[in-house]
>>> print(open('model-v2.cif').read())   # mmCIF, C-alpha atoms
data_protein
#
loop_
_atom_site.label_atom_id
_atom_site.label_comp_id
_atom_site.auth_asym_id
_atom_site.auth_seq_id
_atom_site.Cartn_x
_atom_site.Cartn_y
_atom_site.Cartn_z
CA MET A 1 -19.86 -21.07 -5.76
CA SER A 2 -17.73 -18.73 -7.76
CA LYS A 3 -18.56 -15.04 -7.83
CA HIS A 4 -18.57 -12.75 -10.82
CA ILE A 5 -17.83 -9.05 -10.95
CA SER A 6 -21.36 -8.46 -12.21
CA SER A 7 -22.80 -10.07 -9.08
CA LEU A 8 -20.94 -7.69 -6.78
CA MET A 9 -23.61 -5.01 -6.51
CA PRO A 10 -24.29 -2.99 -3.34
CA ALA A 11 -25.82 -5.59 -1.04
CA VAL A 12 -25.00 -7.73 1.96
CA LEU A 13 -22.29 -10.21 1.01
CA ALA A 14 -22.10 -12.28 4.19
CA LYS A 15 -23.72 -12.00 7.56
CA SER A 16 -23.37 -13.78 10.88
CA PRO A 17 -24.95 -12.94 14.24
CA ASN A 18 -22.12 -10.57 15.13
CA MET A 19 -20.64 -9.52 11.84
CA CYS A 20 -21.73 -8.13 8.51
CA VAL A 21 -19.83 -7.69 5.25
CA HIS A 22 -21.53 -5.64 2.61
CA ILE A 23 -20.61 -4.09 -0.69
CA MET A 24 -20.76 -0.31 -0.57
CA PRO A 25 -22.47 1.85 -3.19
CA LEU A 26 -20.49 3.43 -5.99
CA ILE A 27 -18.27 6.33 -4.94
CA GLY A 28 -16.09 8.66 -7.00
CA ARG A 29 -12.36 7.91 -6.77
CA ILE A 30 -9.41 9.89 -7.99
CA SER A 31 -5.79 8.82 -7.91
CA LEU A 32 -3.53 11.85 -7.55
CA ARG A 33 0.25 11.92 -7.89
CA ILE A 34 2.11 15.09 -6.92
CA ARG A 35 5.84 15.53 -6.41
CA GLN A 36 6.10 19.17 -5.37
CA GLU A 37 4.28 22.23 -4.09
CA ILE A 38 1.60 20.16 -2.38
CA ASP A 39 0.47 23.23 -0.41
CA LYS A 40 -0.92 24.77 -3.56
CA PHE A 41 -3.09 21.70 -4.14
CA ASP A 42 -4.38 21.97 -0.57
CA ASP A 43 -5.56 25.49 -1.31
CA ALA A 44 -7.09 24.64 -4.67
CA LEU A 45 -8.94 21.54 -3.47
CA GLY A 46 -9.97 23.10 -0.19
CA ILE A 47 -8.77 20.04 1.71
CA GLU A 48 -5.45 19.54 3.41
CA LEU A 49 -3.80 16.52 1.79
CA PRO A 50 -2.29 14.38 4.57
CA ARG A 51 1.52 14.25 4.42
CA GLN A 52 2.11 11.06 6.38
CA ILE A 53 1.63 7.69 4.69
CA GLY A 54 -1.59 6.10 5.95
CA ALA A 55 -3.03 9.36 7.29
CA ARG A 56 -6.41 10.61 6.17
CA SER A 57 -8.22 13.92 6.08
CA SER A 58 -11.73 14.89 5.10
CA LYS A 59 -13.56 18.07 4.39
CA ASP A 60 -17.14 18.52 3.23
CA ASP A 61 -17.69 15.29 1.33
CA ILE A 62 -14.15 14.70 0.06
CA GLU A 63 -11.91 12.18 1.77
CA ALA A 64 -8.17 12.12 1.13
CA LEU A 65 -5.72 9.35 1.95
CA CYS A 66 -1.95 9.47 1.59
CA LEU A 67 -0.80 6.15 0.07
CA GLY A 68 2.83 6.96 -0.67
CA PRO A 69 5.25 9.90 -0.53
CA ASP A 70 3.77 11.27 -3.77
CA GLU A 71 0.47 9.42 -4.01
CA TRP A 72 -3.04 10.21 -2.77
CA THR A 73 -6.49 8.76 -3.18
CA LEU A 74 -9.48 11.09 -3.10
CA LEU A 75 -12.99 9.77 -2.45
CA MET A 76 -16.07 11.85 -3.17
CA PRO A 77 -19.67 11.58 -4.31
CA ILE A 78 -19.95 10.91 -8.04
CA GLU A 79 -21.59 14.33 -8.66
CA LYS A 80 -18.53 16.07 -7.25
CA LEU A 81 -16.02 14.33 -9.52
CA SER A 82 -16.25 16.83 -12.36
CA THR A 83 -15.75 19.82 -10.05
CA VAL A 84 -12.56 18.34 -8.60
CA GLN A 85 -11.36 17.23 -12.02
CA ASN A 86 -11.87 20.73 -13.40
CA THR A 87 -10.06 22.29 -10.45
CA LEU A 88 -7.07 20.03 -10.98
CA ALA A 89 -7.12 20.52 -14.75
CA GLY A 90 -6.88 24.28 -14.12
CA LEU A 91 -3.68 23.75 -12.13
CA TYR A 92 -2.06 21.43 -14.63
CA ALA A 93 -0.19 24.01 -16.70
CA SER A 94 1.57 25.64 -13.75
CA LEU A 95 1.74 22.66 -11.36
CA PRO A 96 2.47 19.41 -13.19
CA HIS A 97 0.79 16.41 -11.59
CA SER A 98 -1.03 13.24 -12.55
CA MET A 99 -4.74 12.91 -11.92
CA THR A 100 -6.63 9.79 -12.93
CA GLU A 101 -10.24 9.04 -12.26
CA VAL A 102 -10.38 5.45 -11.05
CA THR A 103 -14.01 5.16 -9.97
CA GLY A 104 -14.52 2.00 -12.01
CA ARG A 105 -11.29 0.36 -10.91
CA GLU A 106 -12.31 -0.89 -7.51
CA ILE A 107 -15.17 -1.71 -5.19
CA THR A 108 -15.37 -1.32 -1.44
CA PHE A 109 -16.38 -3.93 1.12
CA ALA A 110 -17.62 -2.65 4.47
CA ILE A 111 -16.65 -5.01 7.28
CA GLU A 112 -18.40 -4.35 10.54
CA GLY A 113 -19.09 -6.17 13.77
CA GLU A 114 -17.39 -7.70 16.78
CA GLN A 115 -15.19 -10.05 14.76
CA ALA A 116 -14.22 -7.63 11.98
CA GLU A 117 -10.61 -7.50 13.15
CA THR A 118 -10.40 -11.30 13.29
CA LEU A 119 -11.91 -11.60 9.83
CA LEU A 120 -9.29 -9.26 8.35
CA SER A 121 -6.52 -11.14 10.10
CA ILE A 122 -7.29 -14.34 8.15
CA GLY A 123 -5.94 -12.74 4.97
CA CYS A 124 -3.76 -9.83 6.01
CA PRO A 125 -0.12 -10.40 7.04
CA ARG A 126 0.04 -7.11 8.93
CA ASP A 127 -1.12 -6.65 12.50
CA ILE A 128 -4.56 -5.11 11.87
CA ARG A 129 -4.33 -3.08 15.08
CA THR A 130 -1.43 -1.08 13.69
CA ILE A 131 -4.04 0.59 11.47
CA LYS A 132 -5.36 3.08 14.01
CA ILE A 133 -8.86 4.48 13.99
CA GLY A 134 -9.06 7.24 11.39
CA GLN A 135 -6.15 5.86 9.36
CA ALA A 136 -5.85 3.58 6.35
CA ARG A 137 -3.13 1.46 4.77
CA ARG A 138 -2.42 -0.23 1.49
CA THR A 139 -1.53 -3.84 2.25
CA LEU A 140 -2.33 -7.39 1.18
CA PHE A 141 -5.44 -9.46 1.72
CA ASP A 142 -5.16 -13.09 0.69
CA GLY A 143 -2.61 -12.19 -1.99
CA ALA A 144 -4.48 -9.20 -3.45
CA THR A 145 -3.38 -5.60 -2.91
CA VAL A 146 -6.10 -3.79 -0.98
CA VAL A 147 -6.56 -0.57 0.96
CA ILE A 148 -7.94 -1.09 4.46
CA TRP A 149 -9.60 1.90 6.14
CA CYS A 150 -10.29 1.82 9.86
CA ASP A 151 -13.27 4.08 10.67
CA ALA A 152 -13.94 2.96 14.23
CA HIS A 153 -13.22 0.01 16.48
CA ASN A 154 -14.21 -3.10 14.45
CA LYS A 155 -15.51 -0.98 11.60
CA TYR A 156 -13.45 -1.27 8.44
CA ARG A 157 -13.65 -0.59 4.74
CA MET A 158 -11.60 -2.48 2.21
CA ASP A 159 -11.00 -1.20 -1.34
CA VAL A 160 -10.29 -4.01 -3.79
CA TRP A 161 -9.53 -3.82 -7.50
CA ASN A 162 -12.30 -5.31 -9.61
CA SER A 163 -10.16 -8.11 -10.96
CA PHE A 164 -9.48 -9.39 -7.43
CA ALA A 165 -12.92 -8.61 -6.04
CA PRO A 166 -14.72 -11.93 -6.76
CA PHE A 167 -11.84 -13.85 -5.20
CA VAL A 168 -11.61 -11.60 -2.13
CA ALA A 169 -15.41 -11.69 -1.76
CA GLN A 170 -15.27 -15.48 -1.59
CA THR A 171 -12.53 -15.40 1.03
CA LEU A 172 -14.57 -12.98 3.13
CA GLU A 173 -17.69 -15.12 2.77
CA THR A 174 -15.82 -18.24 3.84
CA GLY A 175 -14.23 -16.35 6.72
CA VAL A 176 -17.53 -15.07 8.05
CA GLY A 177 -18.96 -18.60 7.85
CA GLU A 178 -16.02 -20.17 9.66
CA LEU A 179 -15.93 -17.58 12.42
CA ALA A 180 -19.68 -18.01 12.95
CA ALA A 181 -19.23 -21.79 13.12
CA GLU A 182 -16.52 -21.38 15.76
CA LEU A 183 -18.93 -19.37 17.89
CA THR A 184 -21.69 -21.99 17.78
CA GLN A 185 -19.20 -24.73 18.72
CA SER A 186 -17.73 -23.01 21.75
CA MET B 1 9.61 -14.48 7.22
CA LEU B 2 11.63 -11.28 7.39
CA LEU B 3 10.31 -8.17 9.07
CA ILE B 4 11.45 -5.27 6.93
CA PRO B 5 11.54 -1.63 8.03
CA CYS B 6 10.25 0.69 5.29
CA PRO B 7 11.99 4.07 5.54
CA TYR B 8 9.10 5.82 3.77
CA CYS B 9 6.26 4.35 5.86
CA ALA B 10 8.41 4.37 9.02
CA GLU B 11 6.98 0.97 9.96
CA THR B 12 8.41 -2.53 10.20
CA LEU B 13 6.27 -4.82 8.09
CA PRO B 14 6.06 -8.45 6.97
CA GLU B 15 8.15 -9.52 4.00
CA VAL B 16 5.13 -10.46 1.84
CA GLU B 17 4.30 -6.77 1.42
CA PHE B 18 7.68 -6.30 -0.28
CA ALA B 19 9.42 -7.44 -3.44
CA TYR B 20 13.16 -8.12 -3.60
CA ALA B 21 14.93 -6.11 -6.27
CA GLY B 22 18.54 -7.28 -6.33
CA GLU B 23 21.80 -5.79 -5.15
CA ALA B 24 21.85 -2.08 -4.33
CA HIS B 25 24.31 0.55 -5.59
CA VAL B 26 24.80 -1.07 -9.00
CA VAL B 27 25.20 1.99 -11.20
CA ARG B 28 24.20 1.81 -14.84
CA PRO B 29 27.10 2.94 -17.08
CA SER B 30 26.39 6.26 -18.78
CA ASP B 31 27.59 5.04 -22.18
CA PRO B 32 27.42 1.25 -22.53
CA SER B 33 28.68 1.32 -26.14
CA LEU B 34 32.09 2.46 -24.90
CA MET B 35 32.46 -0.59 -22.67
CA SER B 36 34.24 -3.82 -23.46
CA ASP B 37 32.18 -7.03 -23.48
CA GLU B 38 33.81 -8.02 -20.23
CA GLU B 39 32.88 -4.76 -18.50
CA TRP B 40 29.34 -5.01 -19.82
CA GLU B 41 29.05 -8.62 -18.64
CA ASN B 42 30.32 -7.47 -15.28
CA TYR B 43 27.66 -4.79 -15.05
CA LEU B 44 24.83 -7.05 -16.20
CA PHE B 45 25.49 -10.30 -14.44
CA ILE B 46 28.25 -10.23 -11.86
CA ARG B 47 27.10 -9.55 -8.32
CA THR B 48 28.97 -9.68 -5.02
CA ASN B 49 26.98 -12.65 -3.62
CA ALA B 50 28.14 -11.61 -0.17
CA LYS B 51 28.31 -13.96 2.76
CA GLY B 52 27.62 -11.51 5.54
CA THR B 53 26.60 -7.88 5.20
CA HIS B 54 24.77 -7.26 1.97
CA PHE B 55 23.31 -4.06 0.49
CA GLU B 56 20.10 -4.85 -1.34
CA ARG B 57 17.10 -3.14 -2.88
CA TRP B 58 13.53 -3.84 -1.86
CA ARG B 59 10.28 -2.42 -3.09
CA HIS B 60 7.29 -1.88 -0.82
CA ILE B 61 5.03 -2.97 -3.62
CA HIS B 62 1.92 -3.71 -1.54
CA GLY B 63 2.29 -0.48 0.43
CA CYS B 64 3.82 2.85 -0.47
CA GLY B 65 5.25 1.47 -3.73
CA ARG B 66 8.75 2.87 -3.15
CA PHE B 67 12.13 1.30 -3.80
CA PHE B 68 14.60 1.57 -0.93
CA ASN B 69 17.81 -0.06 0.30
CA VAL B 70 18.35 -2.49 3.14
CA VAL B 71 21.54 -3.70 4.84
CA ARG B 72 21.05 -7.36 5.70
CA ASP B 73 23.36 -10.08 6.97
CA THR B 74 22.91 -12.96 4.53
CA VAL B 75 24.01 -15.50 7.14
CA SER B 76 21.82 -14.49 10.08
CA ASP B 77 19.18 -12.61 8.05
CA LYS B 78 19.49 -9.79 10.56
CA ILE B 79 18.51 -6.45 9.03
CA TYR B 80 20.82 -3.69 10.27
CA MET B 81 19.12 -0.73 8.67
CA ALA B 82 17.02 0.53 5.79
CA TYR B 83 17.49 3.82 3.99
CA LYS B 84 15.80 5.69 1.18
CA ALA B 85 16.82 5.18 -2.44
CA GLY B 86 19.44 7.69 -3.54
CA GLU B 87 21.02 8.06 -0.11
CA PRO B 88 24.73 7.20 0.12
CA LYS B 89 25.87 3.71 1.06
CA PRO B 90 26.34 3.57 4.83
CA LYS B 91 29.73 2.59 6.25
CA ILE B 92 29.57 -1.05 7.36
CA ASP B 93 32.09 -0.79 10.20
CA ALA B 94 30.36 2.12 11.90
CA LEU B 95 27.05 0.33 11.46
CA LEU B 96 28.23 -2.93 13.00
CA GLU B 97 29.90 -1.01 15.83
CA LYS B 98 26.61 0.73 16.61
CA GLN B 99 24.78 -2.62 16.75
CA ARG B 100 27.12 -4.07 19.37
#
>>> encode(input="model-v2.cif", output="structure tokens")
Amino acid sequence: MSKHISSLMPAVLAKSPNMCVHIMPLIGRISLRIRQEIDKFDDALGIELPRQIGARSSKDDIEALCLGPDEWTLLMPIEKLSTVQNTLAGLYASLPHSMTEVTGREITFAIEGEQAETLLSIGCPRDIRTIKIGQARRTLFDGATVVIWCDAHNKYRMDVWNSFAPFVAQTLETGVGELAAELTQS
Amino acid sequence: MLLIPCPYCAETLPEVEFAYAGEAHVVRPSDPSLMSDEEWENYLFIRTNAKGTHFERWRHIHGCGRFFNVVRDTVSDKIYMAYKAGEPKPKIDALLEKQR
């Protein structure tokens, strides 16, 4: 069965006795590119932007992830988007940067349960365990660029661009089914 | 599959996260209209095609998104080092000596 973007609403996508993949509710996302004077952005946003690629920080209800030497993703509740956007707009004249609201660009799958690591390993070429708890990485999953967040042992989030989401959702569904079948056999 | 060290992420990662981007240290002429056809052809198409140590560009496209340079042996596929874009070309002899 093929999936459509419109069918990917917050709900359980696939479930087995020891694993659950669900689609997370809408969250505000901002893509931020800064080349210099990052400290001043820390002060203005009230959150210390992580400097190391893959590192995360969070304060109040904003979460920041460093994706590249000059690239960050900020996650926040939708209501907070305008506040952050206004703060950054105020800085623009003196501190050139690029801020884009990308809330509608991607959806997030939450992957939780004993076999979460195994499920990710079916599509990701990287050793999943190199993504430590409290970190995140941009990498590949079954050919699509995704961001994998590790929140706790066997508790992951995966951000996927909308255009890849139906395809990735199917891979995850198949994976959950196959891993569950392996368990019943053994 | 190659395992490529990304100097920005400071991690060694599988090749599928990267895209190959041709030979490194090919400098675009500042004023192409002053060049002869032969020189222009040379810049556009002629590459060293080294058998042995080769300086090449890679892009960590499914990661930090950065271009960087790698020194790879085209015979053994051994990667000697990776360095950030814009850094000077490392000396091959010193590099090989260090590896021994």
>>> interface_residues(input="model-v2.cif", of="chain B", to="chain A", cutoff="9 Å", atoms="only C-alpha atoms", output="list in words")
Tyr8, Cys9, Ala10, Leu13, Pro14, Glu15, Val16, Glu17, Ile61, His62, Gly63, Cys64, Gly65 and Arg66 of chain B
>>> atom_distance(input="model-v2.cif", atom1="CA of Pro7 (chain B)", atom2="CA of Leu45 (chain A)")
28.7 Å
>>> residues_around(input="model-v2.cif", residues="Trp72 (chain A)", least_positions_apart="6", cutoff="7 Å", atoms="all atoms listed in the file", output="PDB file with C-alpha atoms, in the frame of the given file")
ATOM      1  CA  SER A  31      -5.790   8.820  -7.910  1.00  0.00           C
ATOM      2  CA  LEU A  32      -3.530  11.850  -7.550  1.00  0.00           C
ATOM      3  CA  ARG A  33       0.250  11.920  -7.890  1.00  0.00           C
ATOM      4  CA  ALA A  64      -8.170  12.120   1.130  1.00  0.00           C
ATOM      5  CA  LEU A  65      -5.720   9.350   1.950  1.00  0.00           C
ATOM      6  CA  CYS A  66      -1.950   9.470   1.590  1.00  0.00           C
TER       7      CYS A  66
END
>>> resolve_selection(input="model-v2.cif", expression="the PyMOL selection byres ((chain A and resi 22) around 12)", output="PyMOL selection string")
chain A and resi 8-16+19-21+23-25+107-113+155-158+169+172-173+176
>>> atom_distance(input="model-v2.cif", atom1="CA of Thr83 (chain A)", atom2="CA of Leu26 (chain A)")
17.5 Å
>>> residues_near_point(input="model-v2.cif", point="(-16.0, -17.8, 16.3)", cutoff="12 Å", atoms="only C-alpha atoms", output="PyMOL selection string")
chain A and resi 16-19+114-116+118-119+175-186
>>> residues_around(input="model-v2.cif", residues="Ser76 (chain B)", least_positions_apart="3", cutoff="10 Å", atoms="all atoms listed in the file", output="list in words")
Lys51, Gly52, Thr53, Arg72, Asp73 and Ile79 of chain B
>>> atom_distance(input="model-v2.cif", atom1="CA of Lys78 (chain B)", atom2="CA of Ile46 (chain B)")
24.1 Å
>>> resolve_selection(input="model-v2.cif", expression="the PyMOL selection byres ((chain A and resi 132) around 10)", output="PDB file with C-alpha atoms, in the frame of the given file")
ATOM      1  CA  GLY A  54      -1.590   6.100   5.950  1.00  0.00           C
ATOM      2  CA  ALA A  55      -3.030   9.360   7.290  1.00  0.00           C
ATOM      3  CA  ILE A 128      -4.560  -5.110  11.870  1.00  0.00           C
ATOM      4  CA  ARG A 129      -4.330  -3.080  15.080  1.00  0.00           C
ATOM      5  CA  THR A 130      -1.430  -1.080  13.690  1.00  0.00           C
ATOM      6  CA  ILE A 131      -4.040   0.590  11.470  1.00  0.00           C
ATOM      7  CA  ILE A 133      -8.860   4.480  13.990  1.00  0.00           C
ATOM      8  CA  GLY A 134      -9.060   7.240  11.390  1.00  0.00           C
ATOM      9  CA  GLN A 135      -6.150   5.860   9.360  1.00  0.00           C
ATOM     10  CA  ALA A 136      -5.850   3.580   6.350  1.00  0.00           C
ATOM     11  CA  ARG A 137      -3.130   1.460   4.770  1.00  0.00           C
ATOM     12  CA  TRP A 149      -9.600   1.900   6.140  1.00  0.00           C
ATOM     13  CA  CYS A 150     -10.290   1.820   9.860  1.00  0.00           C
ATOM     14  CA  ASP A 151     -13.270   4.080  10.670  1.00  0.00           C
ATOM     15  CA  ALA A 152     -13.940   2.960  14.230  1.00  0.00           C
ATOM     16  CA  HIS A 153     -13.220   0.010  16.480  1.00  0.00           C
TER      17      HIS A 153
END
>>> residues_near_point(input="model-v2.cif", point="(26.0, 6.0, 1.1)", cutoff="12 Å", atoms="only C-alpha atoms", output="PyMOL selection string")
chain B and resi 24-25+55+69-71+82-92+95
>>> closest_residue(input="model-v2.cif", among="B:Val26, B:Ala94, B:Met81, B:Ala21", to="Leu44 (chain B)", atoms="only C-alpha atoms")
B:Val26
>>> closest_residue(input="model-v2.cif", among="A:Glu117, A:Ile122, A:Arg105, A:Ile27", to="Val160 (chain A)", atoms="all atoms listed in the file")
A:Arg105
>>> closest_residue(input="model-v2.cif", among="A:Thr87, A:Ser82, A:Ser6, A:Thr103", to="Arg29 (chain A)", atoms="all atoms listed in the file")
A:Thr103
>>> closest_residue(input="model-v2.cif", among="B:Asp77, B:Glu56, B:Glu41, B:Glu97", to="Leu3 (chain B)", atoms="all atoms listed in the file")
B:Asp77
>>> build_atoms(input="model-v2.cif", residues="region 37-51 of chain B", atoms="N, CA and C atoms", output="PDB file, in the frame of the given file")
ATOM      1  N   ASP B  37      33.161  -5.976 -23.785  1.00  0.00           N
ATOM      2  CA  ASP B  37      32.180  -7.030 -23.480  1.00  0.00           C
ATOM      3  C   ASP B  37      32.311  -7.481 -22.031  1.00  0.00           C
ATOM      4  N   GLU B  38      33.573  -7.528 -21.588  1.00  0.00           N
ATOM      5  CA  GLU B  38      33.810  -8.020 -20.230  1.00  0.00           C
ATOM      6  C   GLU B  38      33.226  -7.072 -19.175  1.00  0.00           C
ATOM      7  N   GLU B  39      33.432  -5.758 -19.434  1.00  0.00           N
ATOM      8  CA  GLU B  39      32.880  -4.760 -18.500  1.00  0.00           C
ATOM      9  C   GLU B  39      31.348  -4.798 -18.495  1.00  0.00           C
ATOM     10  N   TRP B  40      30.802  -4.978 -19.687  1.00  0.00           N
ATOM     11  CA  TRP B  40      29.340  -5.010 -19.820  1.00  0.00           C
ATOM     12  C   TRP B  40      28.767  -6.254 -19.118  1.00  0.00           C
ATOM     13  N   GLU B  41      29.451  -7.378 -19.312  1.00  0.00           N
ATOM     14  CA  GLU B  41      29.050  -8.620 -18.640  1.00  0.00           C
ATOM     15  C   GLU B  41      29.085  -8.409 -17.125  1.00  0.00           C
ATOM     16  N   ASN B  42      30.137  -7.737 -16.697  1.00  0.00           N
ATOM     17  CA  ASN B  42      30.320  -7.470 -15.280  1.00  0.00           C
ATOM     18  C   ASN B  42      29.157  -6.646 -14.710  1.00  0.00           C
ATOM     19  N   TYR B  43      28.773  -5.634 -15.491  1.00  0.00           N
ATOM     20  CA  TYR B  43      27.660  -4.790 -15.050  1.00  0.00           C
ATOM     21  C   TYR B  43      26.348  -5.575 -15.028  1.00  0.00           C
ATOM     22  N   LEU B  44      26.129  -6.367 -16.087  1.00  0.00           N
ATOM     23  CA  LEU B  44      24.830  -7.050 -16.200  1.00  0.00           C
ATOM     24  C   LEU B  44      24.654  -8.206 -15.231  1.00  0.00           C
ATOM     25  N   PHE B  45      25.695  -9.013 -15.121  1.00  0.00           N
ATOM     26  CA  PHE B  45      25.490 -10.300 -14.440  1.00  0.00           C
ATOM     27  C   PHE B  45      26.261 -10.527 -13.157  1.00  0.00           C
ATOM     28  N   ILE B  46      27.385  -9.860 -12.987  1.00  0.00           N
ATOM     29  CA  ILE B  46      28.250 -10.230 -11.860  1.00  0.00           C
ATOM     30  C   ILE B  46      27.878  -9.445 -10.605  1.00  0.00           C
ATOM     31  N   ARG B  47      27.499 -10.184  -9.578  1.00  0.00           N
ATOM     32  CA  ARG B  47      27.100  -9.550  -8.320  1.00  0.00           C
ATOM     33  C   ARG B  47      28.027 -10.042  -7.207  1.00  0.00           C
ATOM     34  N   THR B  48      28.006  -9.329  -6.065  1.00  0.00           N
ATOM     35  CA  THR B  48      28.970  -9.680  -5.020  1.00  0.00           C
ATOM     36  C   THR B  48      28.652 -11.019  -4.347  1.00  0.00           C
ATOM     37  N   ASN B  49      27.390 -11.390  -4.271  1.00  0.00           N
ATOM     38  CA  ASN B  49      26.980 -12.650  -3.620  1.00  0.00           C
ATOM     39  C   ASN B  49      27.622 -12.759  -2.243  1.00  0.00           C
ATOM     40  N   ALA B  50      27.440 -11.717  -1.455  1.00  0.00           N
ATOM     41  CA  ALA B  50      28.140 -11.610  -0.170  1.00  0.00           C
ATOM     42  C   ALA B  50      27.682 -12.669   0.815  1.00  0.00           C
ATOM     43  N   LYS B  51      28.652 -13.170   1.583  1.00  0.00           N
ATOM     44  CA  LYS B  51      28.310 -13.960   2.760  1.00  0.00           C
ATOM     45  C   LYS B  51      28.535 -13.023   3.935  1.00  0.00           C
TER      46      LYS B  51
END
